[in-house]
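Written out below as structure tokens is the structure these notes cover.
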Amino acid sequence: MSMTNYYNDEDLERFGDIGKHSPELFKKFMDWYTSALQPGILSKREKVLIGLAVAHAVQCPYCIDAYTKSCLEEGMSLEHITEAVHVASAVRGGASLIHGIQAHNAAGKISL
Amino acid sequence: MHFEEKILTIQPVPLHATGIEILQVNLGYRCNMTCKHCHVQAGPDRDEIMDIRNIEGVLSVLKENRIKTLDITGGAPELNPGFRYLVEEARHAGCHVIARSNLTIFYEPGMEDLFDFYSRNNVEIIASLPYFREADVDNVRGNGAFRRSINTLQKLNNLGYGNDKKLNLVYNPPGAFLPPSQAAIEEEYRRELKRNFDVSFHSLYTFANMPVGRFREFLIRSKNYDKYLRKLTDAFNPETLQGIMCRHIVNVGWDGTLYDCDFNQMSGLKVSDGYPRTIRDFDYHVLAGRRIAVDDHCYGCTAGQGST
């Protein structure tokens, strides 16, 4: 029995196909995306590293593939990449942990 | 689209040389290292070495044509027994001499005087250092390569290299991807090498790996060849054509054959038909305006900011 793959790396190159059904919206998205990635006060290097961290936080395999390559092409090593993934993971972990206060608050409301 | 056709979409005529500012000489393919990305496929077992007859031919061409710069490469060019003679004679003739050194050759037998030799002759050194971290360098160049390279750079600094004597480093990507701009990575190289090892240098060159030699084998083996070629062609930048290396140099192979660049040499692509093809037949005026022989690996020199 063959396995179905929801994620295929070839699909990354088919991203433009999304634009076939609402080209105007896709064009707006692409213009915005391209502009957001252009060097500004932040360098291209800083922006692709942010992209890599966000890719891990949202756990998008396509984005992880693309931004890992972008980081390498900006001269970064696996050490840079791993540190960035730790930042993303730590923020995600912290985001869960801070909600412990919600649990404490909820418990406090109904406890003696 | 093939590179030759691509050029004709940018300009009405094929690529031609605009002069000969540099004579680049490959003294042979023997090397003490077997780096994974080497386009020459150099190593200790290679026995292609330029003989004294061709070295004399190179010196005659330099002197008769007043070519200002001699760029010596290999393999490890220092392993050629005629290396020191070539450097000294070229310097006596008033040439600026550049040597492409792997930085680890200094610790091979017979190389004890190499630091003093380079310094005494004020040879500009262009040295391969693929990264500023040990693990990344050793992965590409072999265990211990980084430590030995850093020791060499420290000793060269003590002799004035990185200060009044020219010392430039070369970054190549450790895989099937393009290099960053020089500006993006040079500052980090400078900061890390200074902070960790007190090493200084002038400039960092960021060069794309050509799909030639050992790197080509890696691309094929890892099934990245087609993707990498597409990446190079997609990144074609017509602005690189003006300064592209082949338009300003002639490259000489270990057997005296003439090429447009070292990558053409490794691809067996000689200067175009109808032009002098050996150092013995060198004719400055004919070669200075020659038509450049191109193939699809040339996309490697025109990708992004270019690699020259």
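In the structure tokens, chains take letters A, B, ... by order of appearance, with residues numbered from 1 within each chain and ligands from 1 in the order shown.
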Exercise: region 196-201 of chain B partners within 12 Å, only C-alpha atoms, chain neighbours under 2 positions left out, as a PyMOL selection string: chain B and resi 124-127+129+132-134+146-147+149-170+186-194+203-205
Hey, can you spit out that residue selection with N, CA and C atoms as a short mmCIF file (atom, residue, chain, number, x, y, z; two decimals), in the first residue's frame?
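Below is the file again.cif, written as the result:
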```
data_model
loop_
_atom_site.label_atom_id
_atom_site.label_comp_id
_atom_site.auth_asym_id
_atom_site.auth_seq_id
_atom_site.Cartn_x
_atom_site.Cartn_y
_atom_site.Cartn_z
N GLU B 124 51.53 38.62 -2.74
CA GLU B 124 50.15 38.71 -2.24
C GLU B 124 49.60 37.29 -2.09
N ILE B 125 48.99 37.03 -0.95
CA ILE B 125 48.45 35.68 -0.71
C ILE B 125 46.92 35.74 -0.74
N ILE B 126 46.35 34.88 -1.57
CA ILE B 126 44.89 34.66 -1.55
C ILE B 126 44.69 33.24 -1.04
N ALA B 127 44.06 33.15 0.13
CA ALA B 127 44.02 31.87 0.83
C ALA B 127 42.59 31.38 1.01
N LEU B 129 39.80 29.87 2.97
CA LEU B 129 39.34 29.58 4.35
C LEU B 129 37.82 29.57 4.28
N PHE B 132 34.82 30.47 9.32
CA PHE B 132 35.61 30.90 10.48
C PHE B 132 35.43 29.95 11.67
N ARG B 133 34.77 28.81 11.42
CA ARG B 133 34.58 27.82 12.48
C ARG B 133 35.26 26.51 12.09
N GLU B 134 35.83 25.86 13.10
CA GLU B 134 36.64 24.67 12.87
C GLU B 134 35.84 23.54 12.20
N PHE B 146 41.62 23.40 9.79
CA PHE B 146 41.32 24.73 10.34
C PHE B 146 42.44 25.19 11.27
N ARG B 147 42.86 24.31 12.19
CA ARG B 147 43.90 24.69 13.17
C ARG B 147 45.18 25.08 12.46
N SER B 149 45.49 26.10 9.40
CA SER B 149 45.26 27.35 8.65
C SER B 149 45.36 28.56 9.58
N ILE B 150 44.77 28.44 10.77
CA ILE B 150 44.82 29.56 11.72
C ILE B 150 46.26 29.81 12.17
N ASN B 151 47.01 28.75 12.44
CA ASN B 151 48.43 28.93 12.80
C ASN B 151 49.18 29.69 11.71
N THR B 152 48.90 29.32 10.46
CA THR B 152 49.57 29.99 9.34
C THR B 152 49.18 31.46 9.27
N LEU B 153 47.89 31.74 9.44
CA LEU B 153 47.43 33.13 9.36
C LEU B 153 48.07 33.96 10.48
N GLN B 154 48.19 33.37 11.67
CA GLN B 154 48.83 34.11 12.78
C GLN B 154 50.29 34.43 12.46
N LYS B 155 50.99 33.44 11.90
CA LYS B 155 52.41 33.67 11.55
C LYS B 155 52.53 34.70 10.42
N LEU B 156 51.62 34.62 9.45
CA LEU B 156 51.65 35.61 8.36
C LEU B 156 51.38 37.01 8.89
N ASN B 157 50.44 37.12 9.84
CA ASN B 157 50.18 38.42 10.46
C ASN B 157 51.44 38.97 11.13
N ASN B 158 52.18 38.09 11.80
CA ASN B 158 53.41 38.53 12.47
C ASN B 158 54.46 39.04 11.48
N LEU B 159 54.34 38.59 10.21
CA LEU B 159 55.28 39.03 9.18
C LEU B 159 54.77 40.25 8.42
N GLY B 160 53.64 40.79 8.87
CA GLY B 160 53.11 41.99 8.22
C GLY B 160 51.97 41.72 7.25
N TYR B 161 51.66 40.45 7.05
CA TYR B 161 50.51 40.13 6.19
C TYR B 161 49.22 40.52 6.92
N GLY B 162 48.29 41.06 6.14
CA GLY B 162 47.07 41.59 6.76
C GLY B 162 47.27 43.03 7.20
N ASN B 163 48.50 43.51 7.01
CA ASN B 163 48.82 44.89 7.33
C ASN B 163 49.45 45.54 6.08
N ASP B 164 50.78 45.58 6.01
CA ASP B 164 51.39 46.19 4.81
C ASP B 164 51.57 45.20 3.67
N LYS B 165 51.40 43.91 3.93
CA LYS B 165 51.46 42.89 2.87
C LYS B 165 50.06 42.29 2.70
N LYS B 166 49.68 42.11 1.45
CA LYS B 166 48.31 41.72 1.13
C LYS B 166 47.99 40.27 1.49
N LEU B 167 46.92 40.12 2.26
CA LEU B 167 46.42 38.79 2.62
C LEU B 167 44.90 38.81 2.48
N ASN B 168 44.39 38.07 1.51
CA ASN B 168 42.96 38.01 1.27
C ASN B 168 42.47 36.58 1.46
N LEU B 169 41.26 36.46 1.96
CA LEU B 169 40.69 35.13 2.21
C LEU B 169 39.55 34.86 1.23
N VAL B 170 39.28 33.58 1.03
CA VAL B 170 38.22 33.17 0.10
C VAL B 170 37.21 32.28 0.83
N GLU B 186 31.69 39.44 5.42
CA GLU B 186 33.07 39.85 5.71
C GLU B 186 33.23 40.37 7.14
N GLU B 187 32.25 41.14 7.59
CA GLU B 187 32.34 41.73 8.93
C GLU B 187 32.37 40.64 10.00
N GLU B 188 31.52 39.61 9.80
CA GLU B 188 31.47 38.52 10.78
C GLU B 188 32.78 37.72 10.77
N TYR B 189 33.31 37.45 9.59
CA TYR B 189 34.62 36.79 9.47
C TYR B 189 35.68 37.59 10.24
N ARG B 190 35.69 38.90 9.96
CA ARG B 190 36.72 39.75 10.56
C ARG B 190 36.60 39.74 12.08
N ARG B 191 35.35 39.87 12.57
CA ARG B 191 35.11 39.93 14.02
C ARG B 191 35.49 38.60 14.69
N GLU B 192 35.04 37.50 14.12
CA GLU B 192 35.26 36.19 14.75
C GLU B 192 36.73 35.79 14.70
N LEU B 193 37.39 36.03 13.56
CA LEU B 193 38.81 35.65 13.47
C LEU B 193 39.68 36.52 14.39
N LYS B 194 39.29 37.79 14.54
CA LYS B 194 40.05 38.68 15.42
C LYS B 194 39.82 38.29 16.88
N SER B 203 40.78 41.52 2.66
CA SER B 203 39.42 41.37 2.13
C SER B 203 39.01 39.91 2.13
N LEU B 204 37.71 39.71 2.15
CA LEU B 204 37.15 38.36 2.00
C LEU B 204 36.45 38.31 0.65
N TYR B 205 36.85 37.36 -0.18
CA TYR B 205 36.16 37.16 -1.46
C TYR B 205 35.16 36.03 -1.28
#
```
**Study point:** Expected answer as JSON, numbers by chain: chain B residues within 12 Å of chain A, only C-alpha atoms
**Key:** {"B": [130, 131, 132, 133, 134, 135, 136, 137, 171, 172, 173, 174, 175, 176, 177, 178, 179, 180, 181, 182, 183, 184, 185, 186, 187, 188, 189, 206, 207, 208, 227, 231, 304]}
Dump C-alpha atoms for the selected residues as a PDB file, in the first residue's frame?
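And here is the file that came out, out_32.pdb:
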```pdb
ATOM      1  CA  PRO B 130      35.790  28.332   3.722  1.00  0.00           C
ATOM      2  CA  TYR B 131      34.550  29.468   7.139  1.00  0.00           C
ATOM      3  CA  PHE B 132      35.607  30.902  10.480  1.00  0.00           C
ATOM      4  CA  ARG B 133      34.579  27.820  12.478  1.00  0.00           C
ATOM      5  CA  GLU B 134      36.637  24.669  12.873  1.00  0.00           C
ATOM      6  CA  ALA B 135      33.885  22.099  12.241  1.00  0.00           C
ATOM      7  CA  ASP B 136      32.757  23.686   8.979  1.00  0.00           C
ATOM      8  CA  VAL B 137      36.291  24.020   7.592  1.00  0.00           C
ATOM      9  CA  TYR B 171      34.831  31.850   1.200  1.00  0.00           C
ATOM     10  CA  ASN B 172      33.143  29.090  -0.801  1.00  0.00           C
ATOM     11  CA  PRO B 173      29.712  27.786   0.198  1.00  0.00           C
ATOM     12  CA  PRO B 174      29.946  24.354   1.837  1.00  0.00           C
ATOM     13  CA  GLY B 175      27.199  22.895  -0.340  1.00  0.00           C
ATOM     14  CA  ALA B 176      24.854  23.294  -3.278  1.00  0.00           C
ATOM     15  CA  PHE B 177      23.885  26.880  -2.647  1.00  0.00           C
ATOM     16  CA  LEU B 178      25.111  30.336  -3.636  1.00  0.00           C
ATOM     17  CA  PRO B 179      27.470  32.481  -1.566  1.00  0.00           C
ATOM     18  CA  PRO B 180      26.334  35.625   0.248  1.00  0.00           C
ATOM     19  CA  SER B 181      27.545  39.020  -0.831  1.00  0.00           C
ATOM     20  CA  GLN B 182      30.991  39.898   0.415  1.00  0.00           C
ATOM     21  CA  ALA B 183      29.469  42.667   2.541  1.00  0.00           C
ATOM     22  CA  ALA B 184      27.056  40.262   4.264  1.00  0.00           C
ATOM     23  CA  ILE B 185      29.729  38.010   5.714  1.00  0.00           C
ATOM     24  CA  GLU B 186      33.074  39.845   5.710  1.00  0.00           C
ATOM     25  CA  GLU B 187      32.342  41.733   8.926  1.00  0.00           C
ATOM     26  CA  GLU B 188      31.470  38.516  10.775  1.00  0.00           C
ATOM     27  CA  TYR B 189      34.621  36.792   9.469  1.00  0.00           C
ATOM     28  CA  THR B 206      32.941  35.171  -1.698  1.00  0.00           C
ATOM     29  CA  PHE B 207      33.061  32.799  -4.660  1.00  0.00           C
ATOM     30  CA  ALA B 208      30.377  30.447  -5.964  1.00  0.00           C
ATOM     31  CA  LYS B 227      18.818  22.215  -9.193  1.00  0.00           C
ATOM     32  CA  LYS B 231      19.959  28.202  -9.358  1.00  0.00           C
ATOM     33  CA  GLY B 304      24.426  37.099  -8.213  1.00  0.00           C
TER      34      GLY B 304
END
```
Expressed in Å, the length from CA of Gly28 (chain B) to CA of Arg46 (chain B) is 8.3 Å
Would you mind listing what lies within 10 Å of Asp65 (chain A) as a count of residues only, with only C-alpha atoms counted and same-chain residues fewer than 6 positions away left out? 4
* as an MDAnalysis selection string, which residues of chain A does DSSP assign to helix (DSSP H, G or I)? -> chainID A and resid 9:20 23:37 44:57 61:73 78:98 100:110
Can you measure CA of Ala90 (chain A) to CA of Ile64 (chain A) for me? One decimal in Å is fine.
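These two atoms are separated by 17.2 Å.
Separating CA of Asn251 (chain B) from CA of His92 (chain B) is a distance of 21.4 Å.
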Open item on the list: Would you pick out the contacts of Leu114 (chain B) at 10 Å or less, using only C-alpha atoms, so that residues sharing its chain but fewer than 6 positions from it are not included, and give the list as a list of chain:residue names?
Closed with: B:Glu78, B:Arg84, B:Ile105, B:Phe106, B:Tyr107, B:Arg120
Output file for the selection above: N, CA, C and O atoms, as an mmCIF file, in the first residue's frame:
```
data_model
loop_
_atom_site.group_PDB
_atom_site.id
_atom_site.type_symbol
_atom_site.label_atom_id
_atom_site.label_comp_id
_atom_site.auth_asym_id
_atom_site.auth_seq_id
_atom_site.Cartn_x
_atom_site.Cartn_y
_atom_site.Cartn_z
ATOM 1 N N GLU B 78 53.044 25.666 -4.423
ATOM 2 C CA GLU B 78 54.346 25.603 -3.750
ATOM 3 C C GLU B 78 55.020 24.241 -3.940
ATOM 4 O O GLU B 78 56.233 24.110 -3.746
ATOM 5 N N ARG B 84 59.580 28.646 -6.619
ATOM 6 C CA ARG B 84 60.368 29.762 -6.071
ATOM 7 C C ARG B 84 61.098 30.527 -7.176
ATOM 8 O O ARG B 84 61.179 31.758 -7.160
ATOM 9 N N ILE B 105 50.035 24.051 3.499
ATOM 10 C CA ILE B 105 51.239 23.580 2.803
ATOM 11 C C ILE B 105 52.507 23.963 3.570
ATOM 12 O O ILE B 105 53.551 23.316 3.430
ATOM 13 N N PHE B 106 52.397 24.982 4.425
ATOM 14 C CA PHE B 106 53.560 25.495 5.160
ATOM 15 C C PHE B 106 54.176 24.448 6.076
ATOM 16 O O PHE B 106 55.307 24.598 6.510
ATOM 17 N N TYR B 107 53.431 23.397 6.404
ATOM 18 C CA TYR B 107 53.933 22.402 7.374
ATOM 19 C C TYR B 107 54.372 21.115 6.693
ATOM 20 O O TYR B 107 54.674 20.132 7.366
ATOM 21 N N ARG B 120 59.653 37.875 2.022
ATOM 22 C CA ARG B 120 60.818 38.507 1.370
ATOM 23 C C ARG B 120 60.451 38.986 -0.036
ATOM 24 O O ARG B 120 60.914 40.030 -0.481
#
```
Original post:
Closest to Val250 (chain B) among B:Ile52, B:Val212, B:Ala145, B:Leu23, using only C-alpha atoms?
Top reply: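 Of the candidates, the smallest distance to Val250 (chain B) is held by B:Leu23.
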Among A:Glu24, A:Glu83, A:Asp17, A:Asp11, His56 (chain A) is approached most closely, using only C-alpha atoms, by A:Glu83
Between B:Arg141, B:Arg230, B:Arg91, B:Lys68, single out the one closest to Gly43 (chain B), counting only C-alpha atoms.
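Closest to Gly43 (chain B), using only C-alpha atoms: B:Arg141.
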